[in-house]
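Just target-v2.cif here, mmCIF, C-alpha atoms (C1' of nucleotides):
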```cif
data_target
loop_
_atom_site.label_atom_id
_atom_site.label_comp_id
_atom_site.auth_asym_id
_atom_site.auth_seq_id
_atom_site.Cartn_x
_atom_site.Cartn_y
_atom_site.Cartn_z
CA MET A 1 114.84 93.03 19.38
CA ASP A 2 112.58 90.24 18.35
CA LYS A 3 109.24 91.33 17.00
CA MET A 4 107.78 87.90 17.51
CA ARG A 5 106.14 87.47 20.86
CA VAL A 6 105.19 84.03 21.98
CA LEU A 7 102.02 84.55 23.98
CA ARG A 8 101.61 80.93 24.84
CA GLU A 9 104.35 78.35 24.55
CA PHE A 10 104.45 74.68 23.89
CA THR A 11 105.08 73.25 27.33
CA ALA A 12 105.46 69.51 27.05
CA ALA A 13 104.10 69.21 30.55
CA ARG A 14 107.22 70.63 32.08
CA HIS A 15 105.75 73.71 33.66
CA GLU A 16 103.82 74.42 36.83
CA HIS A 17 100.37 74.26 35.33
CA VAL A 18 98.49 75.07 38.52
CA ALA A 19 100.23 78.42 38.63
CA CYS A 20 99.58 78.88 34.94
CA VAL A 21 95.83 78.43 35.43
CA ARG A 22 95.81 80.63 38.51
CA ALA A 23 97.46 83.40 36.53
CA ALA A 24 94.96 83.07 33.74
CA LEU A 25 92.01 83.26 36.12
CA GLY A 26 93.51 86.21 37.91
CA ALA A 27 94.00 88.05 34.64
CA ALA A 28 90.46 87.18 33.61
CA GLU A 29 89.02 88.59 36.80
CA ALA A 30 91.01 91.78 36.43
CA THR A 31 89.95 92.17 32.78
CA CYS A 32 86.29 91.68 33.58
CA ARG A 33 86.35 94.04 36.54
CA ARG A 34 88.04 96.72 34.49
CA ARG A 35 85.48 96.41 31.71
CA GLY A 36 82.41 95.96 33.85
CA ARG A 37 81.73 92.42 32.66
CA ARG A 38 80.57 89.81 35.11
CA LEU A 39 82.72 86.71 35.49
CA THR A 40 79.97 84.55 36.98
CA PRO A 41 80.68 81.18 38.61
CA ILE A 42 79.69 79.30 35.45
CA ARG A 43 81.86 81.45 33.21
CA ARG A 44 84.74 81.24 35.62
CA ARG A 45 84.46 77.48 35.83
CA VAL A 46 84.30 77.08 32.05
CA LEU A 47 87.40 79.23 31.71
CA GLU A 48 89.12 77.10 34.32
CA LEU A 49 88.17 73.95 32.42
CA VAL A 50 89.43 75.41 29.16
CA TRP A 51 92.72 76.02 30.90
CA GLY A 52 92.74 72.45 32.17
CA GLY A 53 95.44 71.64 29.67
CA HIS A 54 97.35 73.23 26.85
CA GLU A 55 95.32 71.28 24.34
CA PRO A 56 92.27 72.81 22.72
CA VAL A 57 89.06 71.71 24.43
CA LYS A 58 85.80 70.76 22.74
CA ALA A 59 82.51 72.32 23.81
CA TYR A 60 80.85 69.00 24.60
CA ASP A 61 83.84 67.87 26.66
CA LEU A 62 83.44 71.01 28.71
CA LEU A 63 79.77 70.17 29.04
CA GLN A 64 80.52 66.69 30.35
CA HIS A 65 82.86 68.06 33.00
CA LEU A 66 80.52 70.84 33.92
CA GLN A 67 77.58 68.49 34.37
CA ARG A 68 79.41 66.56 37.08
CA GLU A 69 79.16 69.52 39.40
CA HIS A 70 76.26 71.39 37.87
CA LYS A 71 73.37 69.18 36.92
CA ALA A 72 71.44 71.87 35.03
CA ALA A 73 74.22 72.37 32.49
CA ALA A 74 73.11 72.01 28.88
CA PRO A 75 74.74 72.85 25.55
CA ALA A 76 73.45 76.40 25.74
CA THR A 77 75.11 76.80 29.13
CA VAL A 78 78.50 76.01 27.69
CA TYR A 79 78.08 77.93 24.45
CA ARG A 80 76.89 81.02 26.29
CA ALA A 81 79.89 80.90 28.58
CA LEU A 82 82.23 80.33 25.64
CA ASN A 83 80.73 83.21 23.69
CA PHE A 84 81.12 85.48 26.66
CA LEU A 85 84.74 84.43 27.09
CA LEU A 86 85.42 84.84 23.37
CA GLN A 87 83.97 88.34 23.37
CA ALA A 88 85.92 89.21 26.47
CA GLY A 89 89.07 88.03 24.72
CA LEU A 90 89.72 85.38 27.37
CA VAL A 91 89.60 82.40 25.06
CA HIS A 92 90.15 81.79 21.37
CA ARG A 93 88.34 79.46 19.05
CA ILE A 94 90.49 77.21 16.85
CA GLU A 95 88.43 77.08 13.68
CA SER A 96 90.19 74.11 12.17
CA LEU A 97 89.48 71.99 15.25
CA ASN A 98 86.12 73.29 16.48
CA ALA A 99 87.81 73.73 19.82
CA TYR A 100 88.78 76.39 22.31
CA VAL A 101 91.97 77.47 24.08
CA GLY A 102 92.68 80.00 26.78
CA CYS A 103 94.08 83.29 25.55
CA GLY A 104 97.71 83.80 26.52
CA ARG A 105 97.37 87.54 26.83
CA PRO A 106 93.86 88.67 27.73
CA GLY A 107 92.85 92.12 26.76
CA HIS A 108 95.70 93.02 24.44
CA GLY A 109 94.11 93.20 21.00
CA ASP A 110 92.71 90.52 18.80
CA ALA A 111 93.71 86.94 18.16
CA GLY A 112 97.18 86.20 16.95
CA GLN A 113 98.48 83.16 15.18
CA PHE A 114 98.22 79.58 16.35
CA LEU A 115 100.63 76.70 15.99
CA ILE A 116 98.91 73.37 16.48
CA CYS A 117 101.04 70.32 17.12
CA GLU A 118 99.43 67.27 15.55
CA HIS A 119 101.55 65.00 17.70
CA CYS A 120 101.09 66.22 21.27
CA GLY A 121 97.92 68.20 20.56
CA GLU A 122 99.18 71.36 22.23
CA VAL A 123 98.60 74.79 20.81
CA ALA A 124 100.97 77.75 20.96
CA GLU A 125 99.85 81.30 20.35
CA LEU A 126 101.99 83.92 18.68
CA ASP A 127 101.61 87.60 18.12
CA ASP A 128 104.06 88.40 15.41
CA ALA A 129 104.09 92.05 14.42
CA GLU A 130 106.03 91.45 11.23
CA LEU A 131 103.59 88.81 10.05
CA ALA A 132 100.60 90.94 10.98
CA ALA A 133 102.12 93.91 9.14
CA LEU A 134 102.80 91.90 6.00
CA ILE A 135 99.26 90.58 5.93
CA ALA A 136 97.92 94.07 6.38
CA THR A 137 100.07 95.29 3.50
CA LYS A 138 99.02 92.51 1.16
CA ALA A 139 95.35 92.94 1.91
CA ASP A 140 95.67 96.68 1.47
CA GLU A 141 97.25 96.24 -1.97
CA LEU A 142 94.06 94.50 -3.01
CA GLY A 143 91.80 97.05 -1.39
CA PHE A 144 90.63 94.47 1.13
CA ALA A 145 89.81 95.71 4.63
CA VAL A 146 90.62 92.96 7.11
CA ALA A 147 88.28 92.64 10.07
CA ASN A 148 89.30 89.29 11.40
CA LYS A 149 92.25 86.95 10.86
CA VAL A 150 92.25 83.19 11.13
CA ILE A 151 95.81 81.89 11.06
CA GLU A 152 96.30 78.32 12.17
CA LEU A 153 99.38 76.32 11.31
CA GLN A 154 99.24 72.59 11.85
CA GLY A 155 102.40 70.56 12.12
CA THR A 156 104.90 69.24 14.64
CA CYS A 157 106.29 71.25 17.52
CA ALA A 158 109.97 71.28 18.52
CA GLU A 159 109.30 69.04 21.52
CA CYS A 160 107.80 66.36 19.31
CA ARG A 161 110.35 66.39 16.51
CA PRO A 162 113.12 63.79 16.35
CA SER A 163 115.70 66.55 16.82
CA GLY A 164 113.83 68.26 19.63
CA MET B 1 107.73 91.68 -10.35
CA ASP B 2 104.91 91.01 -7.98
CA LYS B 3 105.28 87.91 -5.89
CA MET B 4 101.61 87.91 -5.03
CA ARG B 5 99.51 85.88 -7.38
CA VAL B 6 95.79 86.21 -7.22
CA LEU B 7 94.51 82.75 -8.02
CA ARG B 8 90.91 83.66 -7.79
CA GLU B 9 89.60 87.20 -7.85
CA PHE B 10 86.64 88.96 -6.39
CA THR B 11 84.33 89.31 -9.38
CA ALA B 12 81.25 91.26 -8.31
CA ALA B 13 79.29 89.37 -10.95
CA ARG B 14 80.97 91.21 -13.77
CA HIS B 15 82.65 88.29 -15.43
CA GLU B 16 81.49 85.56 -17.77
CA HIS B 17 80.83 82.94 -15.17
CA VAL B 18 79.77 80.22 -17.57
CA ALA B 19 83.23 80.34 -19.11
CA CYS B 20 84.74 80.43 -15.66
CA VAL B 21 82.99 77.22 -14.69
CA ARG B 22 83.78 75.56 -18.00
CA ALA B 23 87.46 76.34 -17.50
CA ALA B 24 87.41 74.92 -14.00
CA LEU B 25 85.78 71.69 -15.16
CA GLY B 26 88.21 71.38 -18.04
CA ALA B 27 91.14 71.81 -15.71
CA ALA B 28 89.63 69.28 -13.33
CA GLU B 29 89.26 66.69 -16.05
CA ALA B 30 92.82 67.23 -17.19
CA THR B 31 94.14 66.99 -13.64
CA CYS B 32 92.27 63.77 -12.95
CA ARG B 33 93.28 62.17 -16.23
CA ARG B 34 96.91 63.03 -15.62
CA ARG B 35 96.83 61.52 -12.15
CA GLY B 36 94.68 58.53 -12.92
CA ARG B 37 91.81 59.66 -10.72
CA ARG B 38 88.24 59.16 -11.89
CA LEU B 39 86.08 62.26 -12.19
CA THR B 40 82.78 60.36 -12.05
CA PRO B 41 79.45 62.02 -12.92
CA ILE B 42 78.65 62.65 -9.26
CA ARG B 43 82.03 64.17 -8.53
CA ARG B 44 81.89 66.25 -11.66
CA ARG B 45 78.43 67.50 -10.81
CA VAL B 46 79.42 68.39 -7.24
CA LEU B 47 82.40 70.31 -8.55
CA GLU B 48 80.12 72.13 -10.98
CA LEU B 49 77.75 73.00 -8.15
CA VAL B 50 80.63 74.26 -6.01
CA TRP B 51 81.56 76.50 -8.90
CA GLY B 52 77.98 77.70 -9.17
CA GLY B 53 79.05 80.99 -7.67
CA HIS B 54 82.06 82.64 -6.17
CA GLU B 55 80.62 82.25 -2.73
CA PRO B 56 81.59 79.31 -0.57
CA VAL B 57 78.99 76.55 -0.70
CA LYS B 58 77.74 74.46 2.22
CA ALA B 59 77.67 70.68 2.01
CA TYR B 60 73.97 70.41 2.70
CA ASP B 61 73.16 73.03 0.08
CA LEU B 62 75.04 70.91 -2.40
CA LEU B 63 73.01 67.94 -1.21
CA GLN B 64 69.73 69.75 -1.80
CA HIS B 65 70.70 70.66 -5.35
CA LEU B 66 72.06 67.23 -6.04
CA GLN B 67 68.91 65.50 -4.84
CA ARG B 68 66.80 67.30 -7.44
CA GLU B 69 68.46 65.33 -10.18
CA HIS B 70 69.75 62.35 -8.25
CA LYS B 71 67.24 60.92 -5.83
CA ALA B 72 69.70 58.55 -4.14
CA ALA B 73 71.93 61.36 -2.94
CA ALA B 74 72.58 61.35 0.81
CA PRO B 75 75.05 63.19 3.05
CA ALA B 76 77.68 60.54 2.44
CA THR B 77 77.31 61.07 -1.30
CA VAL B 78 78.22 64.72 -1.00
CA TYR B 79 80.95 64.30 1.60
CA ARG B 80 82.61 61.56 -0.42
CA ALA B 81 82.61 63.72 -3.51
CA LEU B 82 83.93 66.68 -1.53
CA ASN B 83 86.69 64.63 0.05
CA PHE B 84 87.72 63.36 -3.34
CA LEU B 85 87.79 66.89 -4.74
CA LEU B 86 89.72 68.17 -1.71
CA GLN B 87 92.32 65.43 -2.08
CA ALA B 88 92.58 66.09 -5.78
CA GLY B 89 93.17 69.76 -5.01
CA LEU B 90 90.10 70.81 -6.98
CA VAL B 91 88.28 72.46 -4.10
CA HIS B 92 89.28 74.05 -0.81
CA ARG B 93 87.51 73.97 2.49
CA ILE B 94 87.02 77.28 4.28
CA GLU B 95 87.41 76.27 7.91
CA SER B 96 85.90 79.38 9.38
CA LEU B 97 82.69 78.92 7.38
CA ASN B 98 82.34 75.13 7.13
CA ALA B 99 82.03 75.66 3.41
CA TYR B 100 83.78 74.85 0.16
CA VAL B 101 85.08 76.81 -2.83
CA GLY B 102 86.54 75.78 -6.15
CA CYS B 103 90.32 75.94 -6.36
CA GLY B 104 91.55 78.68 -8.64
CA ARG B 105 94.62 76.78 -9.69
CA PRO B 106 94.18 73.01 -9.57
CA GLY B 107 97.26 70.94 -9.20
CA HIS B 108 99.78 73.62 -8.31
CA GLY B 109 100.69 72.94 -4.71
CA ASP B 110 98.68 73.31 -1.55
CA ALA B 111 96.09 75.80 -0.44
CA GLY B 112 96.98 79.43 -0.36
CA GLN B 113 95.35 82.25 1.52
CA PHE B 114 91.72 83.23 1.42
CA LEU B 115 90.06 86.63 1.60
CA ILE B 116 86.42 86.37 2.59
CA CYS B 117 84.16 89.35 2.00
CA GLU B 118 81.56 89.54 4.72
CA HIS B 119 79.44 91.84 2.59
CA CYS B 120 79.09 90.09 -0.77
CA GLY B 121 80.10 86.67 0.50
CA GLU B 122 82.66 86.10 -2.23
CA VAL B 123 86.02 84.52 -1.58
CA ALA B 124 89.31 85.34 -3.27
CA GLU B 125 92.29 83.03 -3.19
CA LEU B 126 95.88 84.21 -3.09
CA ASP B 127 99.19 82.48 -3.33
CA ASP B 128 101.63 84.94 -1.93
CA ALA B 129 105.19 83.70 -1.92
CA GLU B 130 106.43 86.41 0.42
CA LEU B 131 103.78 85.64 2.98
CA ALA B 132 104.37 81.91 2.72
CA ALA B 133 108.11 82.45 3.13
CA LEU B 134 107.70 84.65 6.18
CA ILE B 135 105.44 82.11 7.83
CA ALA B 136 107.94 79.37 7.07
CA THR B 137 110.73 81.46 8.61
CA LYS B 138 108.78 82.25 11.76
CA ALA B 139 107.73 78.67 12.30
CA ASP B 140 111.28 77.52 11.71
CA GLU B 141 112.62 79.93 14.34
CA LEU B 142 110.44 78.10 16.84
CA GLY B 143 111.40 74.68 15.59
CA PHE B 144 107.89 74.08 14.36
CA ALA B 145 107.46 72.00 11.19
CA VAL B 146 104.43 73.24 9.31
CA ALA B 147 102.36 70.60 7.56
CA ASN B 148 99.25 72.56 6.79
CA LYS B 149 98.31 76.23 6.76
CA VAL B 150 94.89 77.72 7.40
CA ILE B 151 94.89 81.40 6.51
CA GLU B 152 91.51 83.03 6.18
CA LEU B 153 91.03 86.79 6.36
CA GLN B 154 87.52 88.06 6.82
CA GLY B 155 86.63 91.61 5.94
CA THR B 156 85.34 93.77 3.11
CA CYS B 157 86.51 93.50 -0.49
CA ALA B 158 87.32 96.48 -2.69
CA GLU B 159 84.05 96.10 -4.61
CA CYS B 160 82.03 96.42 -1.42
CA ARG B 161 83.89 99.30 0.18
CA PRO B 162 82.51 102.83 -0.01
CA SER B 163 85.57 103.87 -2.00
CA GLY B 164 85.50 100.86 -4.29
"C1'" DG C 1 61.13 96.99 47.12
"C1'" DA C 2 59.67 97.53 42.29
"C1'" DA C 3 61.12 97.77 37.58
"C1'" DA C 4 64.52 96.75 34.23
"C1'" DA C 5 68.29 94.17 32.69
"C1'" DA C 6 71.27 90.26 32.70
"C1'" DA C 7 72.03 85.51 33.28
"C1'" DT C 8 70.54 80.93 33.46
"C1'" DG C 9 67.12 76.97 32.87
"C1'" DT C 10 64.79 74.09 29.69
"C1'" DT C 11 63.24 71.92 25.58
"C1'" DA C 12 63.60 71.38 21.00
"C1'" DT C 13 65.82 71.46 16.73
"C1'" DA C 14 69.14 72.75 13.00
"C1'" DC C 15 73.37 71.96 11.00
"C1'" DT C 16 77.82 69.35 10.04
"C1'" DA C 17 79.95 65.01 9.40
"C1'" DT C 18 81.13 60.05 9.74
"C1'" DA C 19 80.40 54.87 10.55
"C1'" DA C 20 79.23 50.59 8.88
"C1'" DC C 21 77.72 47.45 5.85
"C1'" DA C 22 75.23 46.27 1.25
"C1'" DT C 23 75.22 46.71 -3.58
"C1'" DT C 24 76.68 48.16 -8.10
"C1'" DA C 25 79.96 49.58 -11.63
"C1'" DC C 26 84.48 49.38 -13.54
"C1'" DA C 27 89.18 47.86 -14.69
"C1'" DC C 28 92.22 44.41 -15.57
"C1'" DC C 29 93.80 39.96 -16.54
"C1'" DG C 30 93.59 35.50 -18.33
"C1'" DC D 1 84.50 37.24 -23.19
"C1'" DG D 2 84.00 36.20 -18.32
"C1'" DG D 3 85.67 36.15 -13.76
"C1'" DT D 4 87.74 38.54 -10.04
"C1'" DG D 5 89.26 42.29 -7.37
"C1'" DT D 6 88.87 47.17 -6.54
"C1'" DA D 7 86.59 51.40 -6.54
"C1'" DA D 8 82.41 53.85 -6.17
"C1'" DT D 9 77.90 54.39 -4.66
"C1'" DG D 10 73.59 53.13 -1.96
"C1'" DT D 11 71.50 52.97 2.46
"C1'" DT D 12 70.60 53.42 7.25
"C1'" DA D 13 71.97 54.99 11.42
"C1'" DT D 14 74.31 57.88 14.48
"C1'" DA D 15 77.91 61.10 16.29
"C1'" DG D 16 79.24 65.73 16.91
"C1'" DT D 17 78.58 70.94 16.78
"C1'" DA D 18 75.66 74.80 17.62
"C1'" DT D 19 71.54 77.80 18.01
"C1'" DA D 20 66.45 79.09 18.71
"C1'" DA D 21 62.90 80.26 21.60
"C1'" DC D 22 60.70 80.98 25.61
"C1'" DA D 23 60.46 80.43 30.91
"C1'" DT D 24 62.54 81.45 35.20
"C1'" DT D 25 65.82 83.28 38.34
"C1'" DT D 26 69.30 86.51 39.75
"C1'" DT D 27 71.37 90.96 39.80
"C1'" DT D 28 71.38 95.83 39.20
"C1'" DT D 29 69.50 100.22 39.58
"C1'" DC D 30 66.61 103.57 41.06
#
```

Show how you would write the structure in this file as structure tokens.
Amino acid sequence: MDKMRVLREFTAARHEHVACVRAALGAAEATCRRRGRRLTPIRRRVLELVWGGHEPVKAYDLLQHLQREHKAAAPATVYRALNFLLQAGLVHRIESLNAYVGCGRPGHGDAGQFLICEHCGEVAELDDAELAALIATKADELGFAVANKVIELQGTCAECRPSG
Amino acid sequence: MDKMRVLREFTAARHEHVACVRAALGAAEATCRRRGRRLTPIRRRVLELVWGGHEPVKAYDLLQHLQREHKAAAPATVYRALNFLLQAGLVHRIESLNAYVGCGRPGHGDAGQFLICEHCGEVAELDDAELAALIATKADELGFAVANKVIELQGTCAECRPSG
DNA sequence: GAAAAAATGTTATACTATAACATTACACCG
DNA sequence: CGGTGTAATGTTATAGTATAACATTTTTTC
């Protein structure tokens, strides 16, 4: 039994990404319906754009895309949509990149751990129970109550390594 | 034997901060001398300002302080000094806050883990071998070569908790 | 269909960081 | 010592990230 769940894999462009995005949007709609949140056309479209690739997406890149089909779009438009999606647990913010990625497992607890490949730019998301438990233990030893975890490992993914 | 070293503690203003800063500057000078880097007056002053408190400091706050005594100071002045200090391992950047803190242990390897108290604003720095090892193991299982770790836990420190 | 709430439009601005090129200070060598 | 190359700083401009504040429109609810 492996305690480490990979919520979002490195893909190296070998998967059926259309299906991947469709699944994410379906899950998003279900999550919002269940929680009484409104996945409006703008929010839905921003989510779709975030899922455009497995690389993190910048807010102003989203804005550029959005403006092609929605002339009124401004920074606030994008940031409001992103904040909604963050709160709804549908996207994550990568602090070390000022960028956003789709959540691999909407609605199942808080953010996990991110592996960021500096070569291909893709991001994988983990939810490792053992790691989470160890962090909780360490913080507890110091009397520190953790509210939010930012864990972002930068490096080279298996696909991009000489061996892989 | 505890594998967790606290490189920089939460202080709740109860320590002799002047001595704390003096120690940091002394260590910085020694580190630079040993490595043939120049701790110029500007760099030294920026480091001193970073150590002004145990809270993370913003670049433009540093700029404001610096300009009082150094009229020529501009954003580039501060960012150059910060980049030098980061490279020299004398300060760390807190990604989730866009802010900087003095390094509790100059010259001994890369950044550790940070605990950020949302109540008092202070930051503690850890270097936990067990945690580092577990992360290394997990990444390795996935064939991911870690180059850089960002680990920032936000929450409430012992000093600020009802119990503490 | 009116009132309240939620979402979006719109304009302006704050905050974070780097680019590019000019000038000055310093280190090293002869 | 003086010249020369490098490192550091000065200076101006601009790119990139994000929020504030208030107006308007859309949706919900009763």

**Request:** Please measure the separation of CA of Glu118 (chain A) and CA of Leu153 (chain A), giving the value in Å to one decimal.
**Result:** 10.0 Å

**Request:** Carefully work through the PyMOL selection byres ((chain B and resi 113) around 6) for this structure and note down the residues it includes, as a ChimeraX atom specification.
**Result:** /B:112,114,125-126,151

Writing out the chosen residues with C-alpha atoms as a PDB file, keeping the file's coordinate frame:
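Writing done, so here's out_11.pdb:
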```pdb
ATOM      1  CA  GLY B 112      96.980  79.430  -0.360  1.00  0.00           C
ATOM      2  CA  PHE B 114      91.720  83.230   1.420  1.00  0.00           C
ATOM      3  CA  GLU B 125      92.290  83.030  -3.190  1.00  0.00           C
ATOM      4  CA  LEU B 126      95.880  84.210  -3.090  1.00  0.00           C
ATOM      5  CA  ILE B 151      94.890  81.400   6.510  1.00  0.00           C
TER       6      ILE B 151
END
```

**Request:** Tell me which protein, DNA and RNA residues are within 8 Å of region 58-75 of chain B, counting all atoms listed in the file, leaving out same-chain ones fewer than 2 positions away, and put them as a list in words.
**Result:**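 My reading of the contact set: Arg45, Val46, Leu49, Val50, Pro56, Thr77, Val78, Tyr79, Asn98, Ala99 and Tyr100 of chain B; DG10 of chain D.
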
**Prompt:** Got a sec: who's within 12 Å of Ala147 (chain B), counting all atoms listed in the file, leaving out chain neighbours fewer than 5 positions off, as a list of chain:residue names?
**Reply:** A:Leu115, A:Ile116, A:Cys117, A:Glu118, A:His119, A:Glu152, A:Leu153, A:Gln154, A:Gly155, A:Thr156, A:Cys157, B:Asp110, B:Ala111, B:Ile135, B:Ala136, B:Ala139

**Item:** Atom pair CA of Leu7 (chain A) / CA of Leu86 (chain A): separation (Å)
**Value:** 16.6 Å

For this structure, which residues satisfy the selection - the PyMOL selection byres ((chain D and resi 21) around 9) - when it is evaluated on the file as given? I want them as a JSON list (two decimals) with C-alpha atoms (C1' of nucleotides), keeping the file's coordinate frame.
```
[["chain", "number", "residue", "atom", "x", "y", "z"],
["C", 12, "DA", "C1'", 63.60, 71.38, 21.00],
["D", 20, "DA", "C1'", 66.45, 79.09, 18.71],
["D", 22, "DC", "C1'", 60.70, 80.98, 25.61]]
```

**Message:** Report, in Å to a single decimal, how far apart CA of Leu47 (chain A) and CA of Cys32 (chain A) are.
**Reply:**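 Interatomic distance here is 12.6 Å.
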
**Message:** Please find the residues of chain C near chain A - the criterion being any atom within 12 Å, counting all atoms listed in the file - and write them as an MDAnalysis selection string.
**Reply:** chainID C and resid 6:11 16

**Message:** For the PyMOL selection byres ((chain D) within 12 of (chain A)), applied here, can you spell out every residue it catches as a count of residues only?
**Reply:** 10

**Asked** With distances taken over all atoms listed in the file, which of A:Lys149, A:Arg34, A:Arg14, A:Arg161 is nearest to chain B?
**Response**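 Once distances to chain B are computed over all atoms listed in the file, the minimum belongs to A:Lys149.
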
**Prompt:** Quick one: of B:Cys160, B:Met4, B:Val146, B:Leu25, who's nearest to chain A, counting only C-alpha atoms?
**Reply:** B:Val146

**Asked** Which of these residues is nearest to chain B, using all atoms listed in the file: A:Glu9, A:Glu95, A:Glu122, A:Glu16?
**Response**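 When distances to chain B are compared using all atoms listed in the file, the smallest one comes from A:Glu95.
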
**Nearest candidate to chain B (options A:Arg35, A:His108, A:Arg5, A:His15; using all atoms listed in the file)** =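 For chain B, the nearest of the given residues is A:Arg5.
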
**Minimum-distance residue to chain B, chosen among A:Leu82, A:Ile94, A:Val101, A:Val21 (using all atoms listed in the file)** =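 When distances to chain B are compared using all atoms listed in the file, the smallest one comes from A:Ile94.
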
**Request:** Go through B:Glu55, B:Glu29, B:Glu48, B:Asp128 and flag the residue nearest chain A, using all atoms listed in the file for the distances.
**Result:**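 Going through B:Glu55, B:Glu29, B:Glu48, B:Asp128 one by one, the smallest distance to chain A is for B:Asp128.
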
**Request:** List the neighbours of DG2 (chain D) out to 12 Å using only C-alpha atoms (C1' of nucleotides); skip same-chain residues closer than 3 positions along the sequence, and give me the result as a VMD selection string.
**Result:** chain C and resid 28 to 30

Centre, x/y/z edge lengths, axis-aligned box for region 11-22 of chain C with 5 Å per side, as JSON:
```
{"center_x": 72.2, "center_y": 59.5, "center_z": 13.4, "size_x": 27.9, "size_y": 36.5, "size_z": 34.3}
```

Would you mind writing region 3-17 of chain B with N, CA and C atoms, as a PDB file, in the frame of the given file?
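Produced file rebuild_19.pdb, reproduced below:
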```
ATOM      1  N   LYS B   3     105.257  89.300  -6.353  1.00  0.00           N
ATOM      2  CA  LYS B   3     105.280  87.910  -5.890  1.00  0.00           C
ATOM      3  C   LYS B   3     103.892  87.397  -5.521  1.00  0.00           C
ATOM      4  N   MET B   4     102.943  88.320  -5.448  1.00  0.00           N
ATOM      5  CA  MET B   4     101.610  87.910  -5.030  1.00  0.00           C
ATOM      6  C   MET B   4     100.747  87.552  -6.222  1.00  0.00           C
ATOM      7  N   ARG B   5     100.386  86.310  -6.300  1.00  0.00           N
ATOM      8  CA  ARG B   5      99.510  85.880  -7.380  1.00  0.00           C
ATOM      9  C   ARG B   5      98.094  85.786  -6.856  1.00  0.00           C
ATOM     10  N   VAL B   6      97.195  86.361  -7.582  1.00  0.00           N
ATOM     11  CA  VAL B   6      95.790  86.210  -7.220  1.00  0.00           C
ATOM     12  C   VAL B   6      95.258  85.033  -8.026  1.00  0.00           C
ATOM     13  N   LEU B   7      94.942  83.961  -7.331  1.00  0.00           N
ATOM     14  CA  LEU B   7      94.510  82.750  -8.020  1.00  0.00           C
ATOM     15  C   LEU B   7      93.046  82.814  -8.375  1.00  0.00           C
ATOM     16  N   ARG B   8      92.359  83.608  -7.638  1.00  0.00           N
ATOM     17  CA  ARG B   8      90.910  83.660  -7.790  1.00  0.00           C
ATOM     18  C   ARG B   8      90.488  85.022  -7.317  1.00  0.00           C
ATOM     19  N   GLU B   9      89.901  85.810  -8.184  1.00  0.00           N
ATOM     20  CA  GLU B   9      89.600  87.200  -7.850  1.00  0.00           C
ATOM     21  C   GLU B   9      88.198  87.384  -7.302  1.00  0.00           C
ATOM     22  N   PHE B  10      87.998  88.516  -6.657  1.00  0.00           N
ATOM     23  CA  PHE B  10      86.640  88.960  -6.390  1.00  0.00           C
ATOM     24  C   PHE B  10      86.076  89.402  -7.745  1.00  0.00           C
ATOM     25  N   THR B  11      84.839  89.048  -8.037  1.00  0.00           N
ATOM     26  CA  THR B  11      84.330  89.310  -9.380  1.00  0.00           C
ATOM     27  C   THR B  11      83.163  90.292  -9.424  1.00  0.00           C
ATOM     28  N   ALA B  12      82.413  90.375  -8.322  1.00  0.00           N
ATOM     29  CA  ALA B  12      81.250  91.260  -8.310  1.00  0.00           C
ATOM     30  C   ALA B  12      80.370  91.023  -9.528  1.00  0.00           C
ATOM     31  N   ALA B  13      80.244  89.768  -9.910  1.00  0.00           N
ATOM     32  CA  ALA B  13      79.290  89.370 -10.950  1.00  0.00           C
ATOM     33  C   ALA B  13      79.558  90.023 -12.299  1.00  0.00           C
ATOM     34  N   ARG B  14      80.758  90.527 -12.504  1.00  0.00           N
ATOM     35  CA  ARG B  14      80.970  91.210 -13.770  1.00  0.00           C
ATOM     36  C   ARG B  14      81.714  90.349 -14.786  1.00  0.00           C
ATOM     37  N   HIS B  15      81.919  89.110 -14.474  1.00  0.00           N
ATOM     38  CA  HIS B  15      82.650  88.290 -15.430  1.00  0.00           C
ATOM     39  C   HIS B  15      81.733  87.255 -16.074  1.00  0.00           C
ATOM     40  N   GLU B  16      82.247  86.576 -17.052  1.00  0.00           N
ATOM     41  CA  GLU B  16      81.490  85.560 -17.770  1.00  0.00           C
ATOM     42  C   GLU B  16      81.602  84.261 -16.997  1.00  0.00           C
ATOM     43  N   HIS B  17      80.650  84.048 -16.100  1.00  0.00           N
ATOM     44  CA  HIS B  17      80.830  82.940 -15.170  1.00  0.00           C
ATOM     45  C   HIS B  17      80.692  81.575 -15.830  1.00  0.00           C
TER      46      HIS B  17
END
```
